[in-house]
Amino acid sequence: MGETHSLEDCFQAFVEAENKVEPKHWMPDGYRKTLVRQISQHAHSEIVGMLPEANWITRAPSLRAKLILLAKVQDEAGHGLYLYSAAETLGTSRDQMIDDLHSGKAKYSSIFNYPTLTWADMGAIGWLVDGAAIANQVMLCRTSYGPYSRAMVRICKEESFHQRQGFEIMMHLAKGTPEQKAMAQDALNRWWWPSIMMFGPSDDQSPNSAQSMKWRIKRKSNDELRQEFIDKTVPQAEFIGLTMPDPDLRWNEETGHYDFGTINWTEFFDVIAGNGPCNAERLAARQKAHDEGAWVRDAATAYAAKQASRVASRPTQTHAA
Amino acid sequence: MSTATHQWPLWEVFVRSKNGLAHKHAGSLHAPDAEMALKNARDVYTRRSEGISIWVVPSAAITASSPDEKDVLFTPSDDKVYRHPTFYDIPDEVGHM
């Protein structure tokens, strides 16, 4: 027809045809910026997410529990690295992202600004926090950006053990002594609402959501994902005899979903703004680890330089084994 | 703080999942040298027996074709159907060939 299509139109048609966008493809600036923000935020969440659980590694109630928790926390570190790598394919640098985290410019999931007070919190985090993260991440396996999608596939494969180990902790406590059951219930009471806030503000309060859906970065809305998570999780709580801390929660025969109470968004935005119980503590712990690890990075760099000067005289290898 | 800002080079990691298969791209990571890249790759990409062999390659050493060249590079082969066995009519009586 002789019409000219803008690059934006071609890009839109490309993602609507369910094609994956790769690093060297042309993409709108907004698409690139949105992804850098989202992927780096996701990476930071994995990294900061290690802190609340690290608190319990030395206090784990058995060797089995300790090994599992160590493996889980190591996975979170790996997940952070997959995601930083994916973000770097968009032209940002690792150092820039780390600086933005430490300066407070970049955000991470607000859930990690809550304290882990008892061992049951390890159960609640695995079951609820990882459960909510999985709901989001399963959707992101189909995101339009190739490197992000591939990182998500890898993460989802590893993540389901995280949720199962958490549920197992809750199940054992719920079946234990009255004190243990009370501990599990207390953890559920504290983690339930922050967990369902993890999906972000309601669709009508989330201005960037529509554009992300249009670009196929997100495939489901915040409210859709939240509802799916609630529908899936409520029966699990019933199964182990724990009660959700929401008096308005009830099954709605007509909609086929659970109705739930009003989310306290003031709390959510307050925690994001930096006023949660542990915001300052988490960032300080990250900064401290980074600063105290500087000598390790320096030593590795110095060692590499020394090795390189020695290797320069050796014969070169021609084939990879 | 001063030394923390020099960025280590980026490496691409390839993992052979089992004997007889080719190495496949798994992801990337930063490391000061090849030896550390290999050690880090082992921790980052093979925590669940995903592989039996790892290659690490400096990302800067990879030259990639551009998406814009896709047509020039790959469409010429689309109309060469005679390169595929199904292009040829061989009577059934001849049997498998």
# chains A, B, ... in the order shown; residues from 1 in each chain; ligands from 1
$ closest_atom_pairs --of "chain B" --to "chain A" --cutoff "9 Å" --atoms "only C-alpha atoms" --output "tab-separated table"
residue	atom	partner	partner_atom	distance
B:Met1	CA	A:Asp291	CA	6.6
B:Thr3	CA	A:Asp298	CA	6.8
B:Ala4	CA	A:Ala294	CA	5.9
B:Thr5	CA	A:Asp95	CA	6.5
B:His6	CA	A:Asp95	CA	8.2
B:Gln7	CA	A:Asp95	CA	6.9
B:Trp8	CA	A:Thr301	CA	8.0
B:Gly27	CA	A:Tyr82	CA	7.1
B:Ser28	CA	A:Ser85	CA	6.1
B:Leu29	CA	A:Ser85	CA	6.6
B:His30	CA	A:Ser85	CA	8.8
B:Ala31	CA	A:Ala300	CA	8.6
B:Pro32	CA	A:Thr301	CA	5.4
B:Asp33	CA	A:Ala304	CA	5.5
B:Ala34	CA	A:Ala304	CA	8.6
B:Glu35	CA	A:Ala304	CA	8.6
B:Met36	CA	A:Ala300	CA	8.2
B:Asp43	CA	A:Gly78	CA	7.9
B:Val44	CA	A:Gly78	CA	5.3
B:Tyr45	CA	A:Gly78	CA	7.8
B:Arg47	CA	A:Asp75	CA	8.3
B:Arg48	CA	A:Glu158	CA	8.8
B:Ser53	CA	A:Ala321	CA	8.9
B:Trp55	CA	A:Ala320	CA	7.7
B:Ser66	CA	A:Lys24	CA	6.7
B:Pro67	CA	A:His25	CA	6.1
B:Asp68	CA	A:His25	CA	8.1
$ write_last_selection --atoms "N, CA and C atoms" --output "compact mmCIF listing (two decimals), in the first residue's frame"
# COMPACT_ATOMS: atom_id res chain seq x y z
N MET B 1 36.86 1.65 48.38
CA MET B 1 35.94 2.13 47.36
C MET B 1 36.68 2.36 46.04
N THR B 3 39.16 0.99 44.48
CA THR B 3 39.49 -0.12 43.61
C THR B 3 38.26 -0.89 43.16
N ALA B 4 37.14 -0.70 43.85
CA ALA B 4 35.96 -1.51 43.58
C ALA B 4 35.31 -1.18 42.24
N THR B 5 35.72 -0.07 41.65
CA THR B 5 34.99 0.38 40.46
C THR B 5 35.57 -0.11 39.13
N HIS B 6 36.78 -0.74 39.15
CA HIS B 6 37.21 -1.24 37.84
C HIS B 6 36.51 -2.57 37.56
N GLN B 7 35.85 -2.58 36.42
CA GLN B 7 35.01 -3.73 36.13
C GLN B 7 35.81 -4.85 35.49
N TRP B 8 35.63 -6.06 35.98
CA TRP B 8 36.28 -7.22 35.38
C TRP B 8 35.65 -7.50 34.01
N GLY B 27 25.06 -18.55 29.76
CA GLY B 27 24.92 -17.20 30.28
C GLY B 27 26.28 -16.54 30.32
N SER B 28 26.39 -15.49 31.13
CA SER B 28 27.67 -14.80 31.19
C SER B 28 28.00 -14.41 32.63
N LEU B 29 29.23 -14.00 32.84
CA LEU B 29 29.63 -13.54 34.17
C LEU B 29 30.90 -12.70 34.06
N HIS B 30 31.21 -11.97 35.11
CA HIS B 30 32.44 -11.18 35.17
C HIS B 30 33.49 -11.93 35.96
N ALA B 31 34.72 -11.88 35.49
CA ALA B 31 35.83 -12.49 36.24
C ALA B 31 37.13 -11.84 35.80
N PRO B 32 38.13 -11.83 36.70
CA PRO B 32 39.40 -11.18 36.35
C PRO B 32 40.19 -11.96 35.29
N ASP B 33 40.09 -13.28 35.30
CA ASP B 33 40.81 -14.07 34.30
C ASP B 33 40.05 -15.37 34.01
N ALA B 34 40.58 -16.14 33.05
CA ALA B 34 39.88 -17.33 32.58
C ALA B 34 39.69 -18.36 33.69
N GLU B 35 40.72 -18.49 34.51
CA GLU B 35 40.67 -19.49 35.58
C GLU B 35 39.54 -19.18 36.58
N MET B 36 39.45 -17.90 36.97
CA MET B 36 38.38 -17.50 37.89
C MET B 36 37.02 -17.57 37.21
N ASP B 43 30.09 -22.46 39.89
CA ASP B 43 29.16 -22.14 40.98
C ASP B 43 27.86 -21.54 40.47
N VAL B 44 27.96 -20.71 39.43
CA VAL B 44 26.76 -19.99 38.99
C VAL B 44 25.88 -20.84 38.08
N TYR B 45 26.51 -21.64 37.20
CA TYR B 45 25.70 -22.32 36.19
C TYR B 45 25.57 -23.84 36.34
N ARG B 47 25.00 -25.71 39.56
CA ARG B 47 24.76 -26.11 40.95
C ARG B 47 23.95 -27.40 41.06
N ARG B 48 23.34 -27.83 39.94
CA ARG B 48 22.50 -29.03 40.00
C ARG B 48 22.90 -30.04 38.92
N SER B 53 31.21 -30.40 31.47
CA SER B 53 32.33 -29.65 30.91
C SER B 53 31.89 -28.21 30.69
N TRP B 55 33.05 -24.32 29.00
CA TRP B 55 33.94 -23.42 28.27
C TRP B 55 33.65 -22.01 28.74
N SER B 66 24.62 -9.23 12.53
CA SER B 66 23.63 -8.23 12.93
C SER B 66 22.24 -8.68 12.50
N PRO B 67 21.21 -8.38 13.31
CA PRO B 67 19.85 -8.77 12.91
C PRO B 67 19.48 -8.17 11.55
N ASP B 68 20.06 -7.02 11.20
CA ASP B 68 19.74 -6.38 9.92
C ASP B 68 20.23 -7.22 8.74
$ select_by_dssp --residues "chain B" --states "helix (DSSP H, G or I)" --output "ChimeraX atom specification"
/B:3-5,34-45,59-61,67-79,81-83,85-87,92-94
$ residues_around --residues "Ala182 of chain A" --least-positions-apart "4" --cutoff "12 Å" --atoms "only C-alpha atoms" --output "list in words"
Thr118, Ala120, Met170, Leu173, Ala174, Lys175, Gly176, Thr177, Pro178, Asp186, Ala187, Leu188, Asn189, Gly241, Leu242 and Thr243 of chain A
$ write_last_selection --atoms "N, CA and C atoms" --output "PDB file, in the first residue's frame"
ATOM      1  N   THR A 118      11.548 -15.197  63.801  1.00  0.00           N
ATOM      2  CA  THR A 118      11.599 -16.573  64.314  1.00  0.00           C
ATOM      3  C   THR A 118      11.934 -17.536  63.185  1.00  0.00           C
ATOM      4  N   ALA A 120      10.078 -19.783  62.103  1.00  0.00           N
ATOM      5  CA  ALA A 120       8.892 -19.944  61.249  1.00  0.00           C
ATOM      6  C   ALA A 120       8.910 -18.949  60.095  1.00  0.00           C
ATOM      7  N   MET A 170       6.614 -24.887  57.522  1.00  0.00           N
ATOM      8  CA  MET A 170       5.334 -24.458  58.100  1.00  0.00           C
ATOM      9  C   MET A 170       4.490 -25.667  58.513  1.00  0.00           C
ATOM     10  N   LEU A 173       5.833 -27.266  61.702  1.00  0.00           N
ATOM     11  CA  LEU A 173       5.522 -26.448  62.885  1.00  0.00           C
ATOM     12  C   LEU A 173       4.031 -26.510  63.199  1.00  0.00           C
ATOM     13  N   ALA A 174       3.207 -26.477  62.160  1.00  0.00           N
ATOM     14  CA  ALA A 174       1.748 -26.472  62.373  1.00  0.00           C
ATOM     15  C   ALA A 174       1.275 -27.788  62.992  1.00  0.00           C
ATOM     16  N   LYS A 175       2.021 -28.859  62.725  1.00  0.00           N
ATOM     17  CA  LYS A 175       1.656 -30.169  63.274  1.00  0.00           C
ATOM     18  C   LYS A 175       2.350 -30.435  64.611  1.00  0.00           C
ATOM     19  N   GLY A 176       3.187 -29.489  65.042  1.00  0.00           N
ATOM     20  CA  GLY A 176       3.983 -29.691  66.250  1.00  0.00           C
ATOM     21  C   GLY A 176       3.252 -29.331  67.528  1.00  0.00           C
ATOM     22  N   THR A 177       4.001 -28.869  68.518  1.00  0.00           N
ATOM     23  CA  THR A 177       3.422 -28.486  69.808  1.00  0.00           C
ATOM     24  C   THR A 177       2.573 -27.227  69.623  1.00  0.00           C
ATOM     25  N   PRO A 178       1.705 -26.923  70.599  1.00  0.00           N
ATOM     26  CA  PRO A 178       0.907 -25.682  70.492  1.00  0.00           C
ATOM     27  C   PRO A 178       1.794 -24.444  70.309  1.00  0.00           C
ATOM     28  N   ASP A 186       1.880 -17.019  63.802  1.00  0.00           N
ATOM     29  CA  ASP A 186       2.402 -15.660  63.958  1.00  0.00           C
ATOM     30  C   ASP A 186       3.172 -15.226  62.703  1.00  0.00           C
ATOM     31  N   ALA A 187       3.974 -16.157  62.161  1.00  0.00           N
ATOM     32  CA  ALA A 187       4.739 -15.826  60.942  1.00  0.00           C
ATOM     33  C   ALA A 187       3.780 -15.566  59.783  1.00  0.00           C
ATOM     34  N   LEU A 188       2.751 -16.405  59.683  1.00  0.00           N
ATOM     35  CA  LEU A 188       1.763 -16.205  58.614  1.00  0.00           C
ATOM     36  C   LEU A 188       1.085 -14.841  58.771  1.00  0.00           C
ATOM     37  N   ASN A 189       0.734 -14.507  60.014  1.00  0.00           N
ATOM     38  CA  ASN A 189       0.070 -13.210  60.270  1.00  0.00           C
ATOM     39  C   ASN A 189       0.929 -12.040  59.799  1.00  0.00           C
ATOM     40  N   GLY A 241      -3.925 -26.251  58.599  1.00  0.00           N
ATOM     41  CA  GLY A 241      -4.664 -25.790  59.783  1.00  0.00           C
ATOM     42  C   GLY A 241      -4.278 -24.405  60.269  1.00  0.00           C
ATOM     43  N   LEU A 242      -3.777 -23.561  59.367  1.00  0.00           N
ATOM     44  CA  LEU A 242      -3.468 -22.185  59.755  1.00  0.00           C
ATOM     45  C   LEU A 242      -4.533 -21.253  59.169  1.00  0.00           C
ATOM     46  N   THR A 243      -4.691 -20.089  59.797  1.00  0.00           N
ATOM     47  CA  THR A 243      -5.747 -19.164  59.397  1.00  0.00           C
ATOM     48  C   THR A 243      -5.150 -17.907  58.778  1.00  0.00           C
TER      49      THR A 243
END
$ atom_distance --atom1 "atom CA of Ser49 of chain B" --atom2 "atom CA of Ile57 of chain A"
24.0 Å
$ select_by_dssp --residues "segment 44-275 of chain A" --states "strand (DSSP E)" --output "list in words"
Arg250, Trp251, Asn252, His257, Tyr258 and Asp259 of chain A
$ atom_distance --atom1 "atom CA of Phe269 of chain A" --atom2 "atom CA of Gln137 of chain A"
22.5 Å
